[in-house]
>>> print(open('protein_29.cif').read())   # mmCIF, C-alpha atoms
data_run
#
loop_
_atom_site.group_PDB
_atom_site.id
_atom_site.type_symbol
_atom_site.label_atom_id
_atom_site.label_comp_id
_atom_site.auth_asym_id
_atom_site.auth_seq_id
_atom_site.Cartn_x
_atom_site.Cartn_y
_atom_site.Cartn_z
ATOM 1 C CA MET A 12 32.090 -2.280 4.623
ATOM 2 C CA SER A 13 30.910 0.979 6.124
ATOM 3 C CA THR A 14 29.558 1.360 9.611
ATOM 4 C CA SER A 15 27.511 4.148 11.010
ATOM 5 C CA THR A 16 28.218 5.836 14.276
ATOM 6 C CA PRO A 17 25.868 7.900 16.353
ATOM 7 C CA GLY A 18 26.382 11.496 15.399
ATOM 8 C CA GLY A 19 28.412 10.437 12.359
ATOM 9 C CA SER A 20 28.001 12.079 9.022
ATOM 10 C CA ARG A 21 25.468 10.809 6.532
ATOM 11 C CA SER A 22 26.510 9.482 3.187
ATOM 12 C CA SER A 23 25.433 11.308 0.068
ATOM 13 C CA ASP A 24 22.998 8.434 -0.651
ATOM 14 C CA ASP A 25 20.958 9.073 2.526
ATOM 15 C CA HIS A 26 17.805 11.074 2.044
ATOM 16 C CA HIS A 27 14.283 11.180 3.406
ATOM 17 C CA THR A 28 10.985 10.546 1.658
ATOM 18 C CA PRO A 29 8.610 13.526 1.632
ATOM 19 C CA ASP A 30 5.419 13.061 3.661
ATOM 20 C CA SER A 31 3.316 13.509 0.542
ATOM 21 C CA LEU A 32 4.745 10.235 -0.795
ATOM 22 C CA LEU A 33 4.286 8.233 2.423
ATOM 23 C CA HIS A 34 0.511 8.175 2.513
ATOM 24 C CA SER A 35 -1.172 5.098 1.098
ATOM 25 C CA ALA A 36 -4.520 6.676 0.265
ATOM 26 C CA PRO A 37 -4.941 6.651 -3.500
ATOM 27 C CA GLN A 38 -5.767 9.778 -5.468
ATOM 28 C CA ARG A 39 -8.754 7.980 -7.026
ATOM 29 C CA ASP A 40 -11.332 5.412 -5.993
ATOM 30 C CA VAL A 41 -10.011 2.100 -4.703
ATOM 31 C CA THR A 42 -10.739 -0.719 -7.142
ATOM 32 C CA PRO A 43 -11.045 -4.417 -6.337
ATOM 33 C CA GLU A 44 -7.794 -4.928 -8.250
ATOM 34 C CA ASP A 45 -6.052 -2.380 -5.990
ATOM 35 C CA LEU A 46 -7.230 -4.248 -2.913
ATOM 36 C CA VAL A 47 -6.155 -7.656 -4.246
ATOM 37 C CA LEU A 48 -2.684 -6.376 -5.103
ATOM 38 C CA ALA A 49 -2.328 -4.586 -1.757
ATOM 39 C CA ALA A 50 -3.111 -7.888 -0.046
ATOM 40 C CA GLY A 51 -0.282 -9.530 -1.983
ATOM 41 C CA ARG A 52 -2.605 -11.874 -3.824
ATOM 42 C CA ASP A 53 -2.896 -12.786 -7.481
ATOM 43 C CA VAL A 54 -5.737 -11.162 -9.407
ATOM 44 C CA THR A 55 -8.199 -13.982 -10.070
ATOM 45 C CA PRO A 56 -11.993 -14.118 -10.245
ATOM 46 C CA LYS A 57 -12.030 -15.517 -6.688
ATOM 47 C CA THR A 58 -9.815 -12.785 -5.215
ATOM 48 C CA LEU A 59 -11.708 -10.084 -7.112
ATOM 49 C CA ASP A 60 -14.966 -11.358 -5.593
ATOM 50 C CA TRP A 61 -13.319 -11.260 -2.150
ATOM 51 C CA ALA A 62 -12.160 -7.684 -2.772
ATOM 52 C CA ARG A 63 -15.586 -6.532 -4.008
ATOM 53 C CA ARG A 64 -17.238 -7.916 -0.873
ATOM 54 C CA LYS A 65 -14.603 -6.306 1.351
ATOM 55 C CA LEU A 66 -15.006 -2.938 -0.374
ATOM 56 C CA GLU A 67 -18.793 -3.136 -0.059
ATOM 57 C CA ALA A 68 -18.500 -3.899 3.665
ATOM 58 C CA GLU A 69 -15.653 -1.535 4.599
ATOM 59 C CA GLY A 70 -15.486 1.030 1.823
ATOM 60 C CA PRO A 71 -12.241 2.543 0.562
ATOM 61 C CA ALA A 72 -10.779 2.379 4.088
ATOM 62 C CA ALA A 73 -10.345 -1.370 3.541
ATOM 63 C CA ILE A 74 -7.083 -0.726 1.733
ATOM 64 C CA GLU A 75 -5.730 1.289 4.654
ATOM 65 C CA LYS A 76 -5.867 -1.848 6.800
ATOM 66 C CA LEU A 77 -3.523 -3.587 4.362
ATOM 67 C CA LEU A 78 -1.028 -0.813 3.675
ATOM 68 C CA PRO A 79 1.267 0.877 6.163
#
>>> encode(input="protein_29.cif", output="structure tokens")
Amino acid sequence: MSTSTPGGSRSSDDHHTPDSLLHSAPQRDVTPEDLVLAAGRDVTPKTLDWARRKLEAEGPAAIEKLLP
């Protein structure tokens, strides 16, 4: 079992994620399916209706409220 110490060296497995990969905004329009999946729900007619209403009310920013 390895332990880390302040100021200790990093293992070769440690790396950082580039900022360009940390943003949740999609490169295309947000779909109802995207919103349902981001909410952790199953894609069903009921959840798709919920997502369509949410997108109509809040626009694409609705997904930003669900993703970090």
>>> closest_residue(input="protein_29.cif", among="A:Lys76, A:His26, A:Asp40, A:Leu48", to="A:Ala62", atoms="all atoms listed in the file")
A:Leu48
>>> axis_aligned_box(input="protein_29.cif", around="stretch 46-57 of chain A", padding_each_side="3 Å", output="lines of an AutoDock Vina configuration file")
center_x = -6.2
center_y = -9.9
center_z = -5.1
size_x = 17.7
size_y = 17.3
size_z = 16.2
>>> atom_distance(input="protein_29.cif", atom1="atom CA of A:His27", atom2="atom CA of A:Pro71")
28.0 Å
>>> atom_distance(input="protein_29.cif", atom1="atom CA of A:Leu59", atom2="atom CA of A:Glu75")
17.4 Å
>>> closest_residue(input="protein_29.cif", among="A:Thr42, A:Pro29, A:Thr55, A:Val47", to="A:Glu67", atoms="only C-alpha atoms")
A:Thr42
>>> residues_around(input="protein_29.cif", residues="A:Arg52", least_positions_apart="5", cutoff="12 Å", atoms="all atoms listed in the file", output="mmCIF file with C-alpha atoms, keeping the file's coordinate frame")
data_model
loop_
_atom_site.group_PDB
_atom_site.id
_atom_site.type_symbol
_atom_site.label_atom_id
_atom_site.label_comp_id
_atom_site.auth_asym_id
_atom_site.auth_seq_id
_atom_site.Cartn_x
_atom_site.Cartn_y
_atom_site.Cartn_z
ATOM 1 C CA PRO A 43 -11.045 -4.417 -6.337
ATOM 2 C CA GLU A 44 -7.794 -4.928 -8.250
ATOM 3 C CA ASP A 45 -6.052 -2.380 -5.990
ATOM 4 C CA LEU A 46 -7.230 -4.248 -2.913
ATOM 5 C CA VAL A 47 -6.155 -7.656 -4.246
ATOM 6 C CA LYS A 57 -12.030 -15.517 -6.688
ATOM 7 C CA THR A 58 -9.815 -12.785 -5.215
ATOM 8 C CA LEU A 59 -11.708 -10.084 -7.112
ATOM 9 C CA TRP A 61 -13.319 -11.260 -2.150
ATOM 10 C CA ALA A 62 -12.160 -7.684 -2.772
ATOM 11 C CA LEU A 77 -3.523 -3.587 4.362
#
